[in-house]
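Engineer: So here's upload-v9.cif (mmCIF, C-alpha atoms).
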```cif
data_protein
#
loop_
_atom_site.group_PDB
_atom_site.id
_atom_site.type_symbol
_atom_site.label_atom_id
_atom_site.label_comp_id
_atom_site.auth_asym_id
_atom_site.auth_seq_id
_atom_site.Cartn_x
_atom_site.Cartn_y
_atom_site.Cartn_z
ATOM 1 C CA MET A 17 178.137 138.948 69.588
ATOM 2 C CA GLU A 18 179.857 136.788 72.153
ATOM 3 C CA TYR A 19 181.774 138.348 75.009
ATOM 4 C CA LYS A 20 184.433 137.127 77.393
ATOM 5 C CA TYR A 21 185.033 138.446 80.879
ATOM 6 C CA LEU A 22 188.493 138.948 82.332
ATOM 7 C CA GLN A 23 189.913 140.340 85.576
ATOM 8 C CA THR A 24 193.110 141.801 86.957
ATOM 9 C CA GLU A 25 193.899 142.533 90.586
ATOM 10 C CA GLN A 26 196.212 144.746 92.575
ATOM 11 C CA ILE A 27 196.567 145.940 96.143
ATOM 12 C CA VAL A 28 195.445 149.455 97.040
ATOM 13 C CA PRO A 29 197.243 150.597 100.220
ATOM 14 C CA GLY A 30 194.818 151.255 103.055
ATOM 15 C CA GLN A 31 191.816 149.897 101.120
ATOM 16 C CA GLY A 32 192.538 146.265 100.243
ATOM 17 C CA MET A 33 192.579 144.283 97.031
ATOM 18 C CA SER A 34 191.233 146.011 93.914
ATOM 19 C CA TYR A 35 189.733 143.984 91.074
ATOM 20 C CA THR A 36 189.265 145.403 87.583
ATOM 21 C CA MET A 37 186.899 143.429 85.346
ATOM 22 C CA TYR A 38 186.594 143.772 81.595
ATOM 23 C CA GLU A 39 183.832 142.856 79.167
ATOM 24 C CA ILE A 40 185.754 141.909 76.010
ATOM 25 C CA GLU A 41 184.418 141.634 72.472
ATOM 26 C CA GLY A 42 186.344 139.958 69.651
ATOM 27 C CA GLU A 43 190.090 140.489 69.715
ATOM 28 C CA ASN A 44 190.534 142.198 73.096
ATOM 29 C CA ILE A 45 188.223 145.174 72.492
ATOM 30 C CA ILE A 46 187.040 146.507 75.859
ATOM 31 C CA LYS A 47 183.297 147.244 75.727
ATOM 32 C CA ARG A 48 182.769 147.977 79.433
ATOM 33 C CA MET A 49 184.886 147.778 82.547
ATOM 34 C CA LEU A 50 184.494 148.141 86.285
ATOM 35 C CA THR A 51 186.711 148.306 89.341
ATOM 36 C CA THR A 52 185.693 147.006 92.739
ATOM 37 C CA ILE A 53 187.367 147.146 96.146
ATOM 38 C CA PRO A 54 185.246 144.794 98.274
ATOM 39 C CA ASP A 55 186.902 145.675 101.624
ATOM 40 C CA VAL A 56 185.631 149.273 101.380
ATOM 41 C CA ASN A 57 182.458 148.412 99.433
ATOM 42 C CA LYS A 58 183.428 150.496 96.402
ATOM 43 C CA ILE A 59 182.418 149.862 92.779
ATOM 44 C CA SER A 60 183.319 152.180 89.896
ATOM 45 C CA ILE A 61 181.795 151.487 86.484
ATOM 46 C CA TYR A 62 183.025 152.629 83.094
ATOM 47 C CA PRO A 63 180.390 152.252 80.352
ATOM 48 C CA LYS A 64 182.762 154.029 77.953
ATOM 49 C CA PRO A 65 186.173 152.847 79.124
ATOM 50 C CA PRO A 66 189.155 155.181 78.746
ATOM 51 C CA VAL A 67 191.188 152.283 77.307
ATOM 52 C CA LYS A 68 189.714 150.523 74.262
ATOM 53 C CA THR A 69 192.091 147.560 73.828
ATOM 54 C CA LEU A 70 193.132 145.192 76.595
ATOM 55 C CA PHE A 71 196.893 145.008 77.008
ATOM 56 C CA ALA A 72 198.367 141.599 77.898
ATOM 57 C CA PRO A 73 195.141 139.574 78.194
ATOM 58 C CA GLU A 74 197.270 136.521 79.029
ATOM 59 C CA ARG A 75 197.910 138.120 82.443
ATOM 60 C CA CYS A 76 194.180 138.221 83.229
ATOM 61 C CA GLN A 77 191.994 135.674 84.951
ATOM 62 C CA THR A 78 188.702 134.565 83.421
ATOM 63 C CA VAL A 79 185.576 135.478 85.427
ATOM 64 C CA GLN A 80 181.934 134.543 85.056
ATOM 65 C CA GLU A 81 179.634 136.788 83.050
ATOM 66 C CA SER A 82 177.186 136.759 85.969
ATOM 67 C CA ASP A 83 179.871 138.086 88.359
ATOM 68 C CA PHE A 84 180.582 141.023 86.043
ATOM 69 C CA LYS A 85 176.888 141.808 85.483
ATOM 70 C CA ASN A 86 176.001 141.592 89.185
ATOM 71 C CA LEU A 87 178.742 144.060 90.115
ATOM 72 C CA TRP A 88 177.788 146.286 87.171
ATOM 73 C CA GLU A 89 174.208 146.532 88.466
ATOM 74 C CA LYS A 90 175.372 147.141 92.054
ATOM 75 C CA GLY A 91 177.585 149.948 90.739
ATOM 76 C CA GLY A 92 174.565 151.676 89.239
ATOM 77 C CA GLY A 93 174.967 150.519 85.654
ATOM 78 C CA LYS A 94 172.105 149.388 83.489
ATOM 79 C CA GLU A 95 172.324 146.428 81.155
ATOM 80 C CA GLU A 96 172.481 147.447 77.526
#
```
Could you render the structure as structure tokens?
Structural biologist:
Amino acid sequence: MEYKYLQTEQIVPGQGMSYTMYEIEGENIIKRMLTTIPDVNKISIYPKPPVKTLFAPERCQTVQESDFKNLWEKGGGKEE
């Protein structure tokens, strides 16, 4: 199965810019997601995301698969 990788961003007061990345399968089905706040060196991974369908994918930016997977590993996740 082929995946696409998308990202949203928002400011977190006192911490910096937060980036949420999604691993998407098919028609906007979220398989895995992670959130990173680089300024405070924080990565949170979600192997079983609380949200299953991506809302408004047209508002997201495309990211590289390698960027997602590198952050996933740094956050303590294992490749499936």
Engineer: Can you work out which one of A:Leu22, A:Met17, A:Ile59, A:Ile45 has the shortest atom-to-atom distance to A:Gln77, counting only C-alpha atoms?
Structural biologist: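 Checking each of A:Leu22, A:Met17, A:Ile59, A:Ile45 against A:Gln77, counting only C-alpha atoms, the winner is A:Leu22.
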Engineer: Determine, counting only C-alpha atoms, which protein, DNA and RNA residues have an atom within 8 Å of an atom of A:Asp55; residues of the same chain fewer than 6 positions away are not included. Present the result as a list in words.
Structural biologist: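 Final neighbour list, sorted by chain and number: Gln31, Gly32 and Met33 of chain A.
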Engineer: I'd like the contact shell of A:Lys20 - 8 Å cut-off, all atoms listed in the file, skipping same-chain residues fewer than 2 positions apart - returned as a compact mmCIF listing (two decimals) with C-alpha atoms, keeping the file's coordinate frame.
Structural biologist:
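Output below, filename out.txt:
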```txt
# COMPACT_ATOMS: atom_id res chain seq x y z
CA GLU A 18 179.86 136.79 72.15
CA LEU A 22 188.49 138.95 82.33
CA GLU A 39 183.83 142.86 79.17
CA ILE A 40 185.75 141.91 76.01
CA GLU A 41 184.42 141.63 72.47
CA THR A 78 188.70 134.56 83.42
CA GLU A 81 179.63 136.79 83.05
```
Engineer: So the first atom is atom CA of A:Phe84 and the second is atom CA of A:Tyr21; what is the distance between them in Å, to one decimal place?
Structural biologist: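 Atom-to-atom, atom CA of A:Phe84 to atom CA of A:Tyr21, that is 7.3 Å.
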Engineer: Enumerate, as a list in words, the residues matched when the PyMOL selection byres ((chain A and resi 76) around 10) is run on the file above.
Structural biologist: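 Those residues are Tyr21, Leu22, Gln23, Thr24, Glu25, Thr36, Met37, Tyr38, Leu70, Phe71, Ala72, Pro73, Glu74, Arg75, Gln77, Thr78 and Val79 of chain A.
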Engineer: Using only C-alpha atoms, which of A:Ser82, A:Tyr19, A:Pro29, A:Ile61 sits nearest A:Gly42?
Structural biologist: A:Tyr19
Engineer: Neighbouring residues of A:Leu87 were defined as those with any atom within 12 Å, considering only C-alpha atoms; residues of the same chain fewer than 2 positions away were excluded. Please report them as number ranges by chain.
Structural biologist: A: 35-38, 49-54, 57-62, 79-85, 89-95
Engineer: Mind pulling up the distance from atom CA of A:Gly30 to atom CA of A:Pro66?
Structural biologist: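 So the two atoms, atom CA of A:Pro66 and atom CA of A:Gly30, lie 25.3 Å apart.
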Engineer: Write out as a VMD selection string which residues come within 9 Å of A:Lys64 when counting all atoms listed in the file, dropping same-chain ones fewer than 4 positions away.
Structural biologist: chain A and resid 46 to 49 68
Engineer: For chain A, write C-alpha atoms out as a compact mmCIF listing (two decimals), in the first residue's frame.
Structural biologist:
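Below you can see selection-v7.txt, which holds the result:
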```
# COMPACT_ATOMS: atom_id res chain seq x y z
CA MET A 17 0.00 0.00 0.00
CA GLU A 18 1.24 3.46 -0.84
CA TYR A 19 1.22 6.20 1.76
CA LYS A 20 1.37 9.97 1.64
CA TYR A 21 2.74 12.20 4.36
CA LEU A 22 1.14 15.49 5.33
CA GLN A 23 1.78 18.15 7.97
CA THR A 24 -0.02 20.94 9.78
CA GLU A 25 1.52 23.56 12.03
CA GLN A 26 0.45 25.87 14.81
CA ILE A 27 2.08 28.01 17.47
CA VAL A 28 2.19 26.75 21.05
CA PRO A 29 2.61 29.72 23.43
CA GLY A 30 5.86 29.52 25.37
CA GLN A 31 7.13 26.51 23.40
CA GLY A 32 7.35 27.51 19.74
CA MET A 33 5.95 26.11 16.53
CA SER A 34 4.26 22.70 16.73
CA TYR A 35 4.16 20.41 13.70
CA THR A 36 1.74 17.50 13.42
CA MET A 37 2.60 14.94 10.74
CA TYR A 38 0.28 12.29 9.38
CA GLU A 39 0.91 9.02 7.57
CA ILE A 40 -2.09 8.73 5.24
CA GLU A 41 -3.36 5.63 3.46
CA GLY A 42 -5.90 5.76 0.63
CA GLU A 43 -8.60 8.39 1.00
CA ASN A 44 -7.32 10.33 4.02
CA ILE A 45 -7.18 7.43 6.49
CA ILE A 46 -4.68 8.28 9.24
CA LYS A 47 -2.47 5.25 9.97
CA ARG A 48 0.02 6.96 12.31
CA MET A 49 0.65 10.50 13.45
CA LEU A 50 3.19 12.43 15.46
CA THR A 51 3.59 15.91 16.89
CA THR A 52 6.92 17.64 17.29
CA ILE A 53 7.93 20.94 18.88
CA PRO A 54 11.56 21.37 17.81
CA ASP A 55 12.28 24.42 20.04
CA VAL A 56 11.73 22.32 23.19
CA ASN A 57 12.94 19.03 21.66
CA LYS A 58 9.60 17.27 22.13
CA ILE A 59 8.18 14.46 19.98
CA SER A 60 4.90 12.68 20.73
CA ILE A 61 3.99 9.64 18.63
CA TYR A 62 0.57 8.11 18.09
CA PRO A 63 0.73 4.59 16.62
CA LYS A 64 -3.05 4.33 17.05
CA PRO A 65 -4.21 7.89 16.39
CA PRO A 66 -7.30 9.18 18.20
CA VAL A 67 -8.59 10.59 14.89
CA LYS A 68 -8.93 8.11 12.01
CA THR A 69 -9.79 10.42 9.08
CA LEU A 70 -7.89 13.56 8.17
CA PHE A 71 -10.12 16.62 8.05
CA ALA A 72 -9.36 19.21 5.35
CA PRO A 73 -6.26 17.61 3.79
CA GLU A 74 -6.11 20.54 1.36
CA ARG A 75 -4.91 22.68 4.30
CA CYS A 76 -1.90 20.41 4.87
CA GLN A 77 1.59 20.60 3.45
CA THR A 78 3.24 17.55 1.89
CA VAL A 79 6.34 16.26 3.72
CA GLN A 80 8.91 13.63 2.85
CA GLU A 81 8.40 10.06 4.04
CA SER A 82 11.95 10.10 5.41
CA ASP A 83 11.19 13.17 7.57
CA PHE A 84 8.19 11.43 9.13
CA LYS A 85 10.07 8.15 9.72
CA ASN A 86 13.13 9.87 11.21
CA LEU A 87 11.00 11.75 13.74
CA TRP A 88 8.98 8.60 14.44
CA GLU A 89 12.16 6.72 15.37
CA LYS A 90 13.46 9.63 17.48
CA GLY A 91 10.13 9.64 19.32
CA GLY A 92 10.61 6.01 20.30
CA GLY A 93 8.44 4.40 17.65
CA LYS A 94 9.39 1.28 15.77
CA GLU A 95 8.78 0.83 12.07
CA GLU A 96 5.98 -1.60 11.35
```
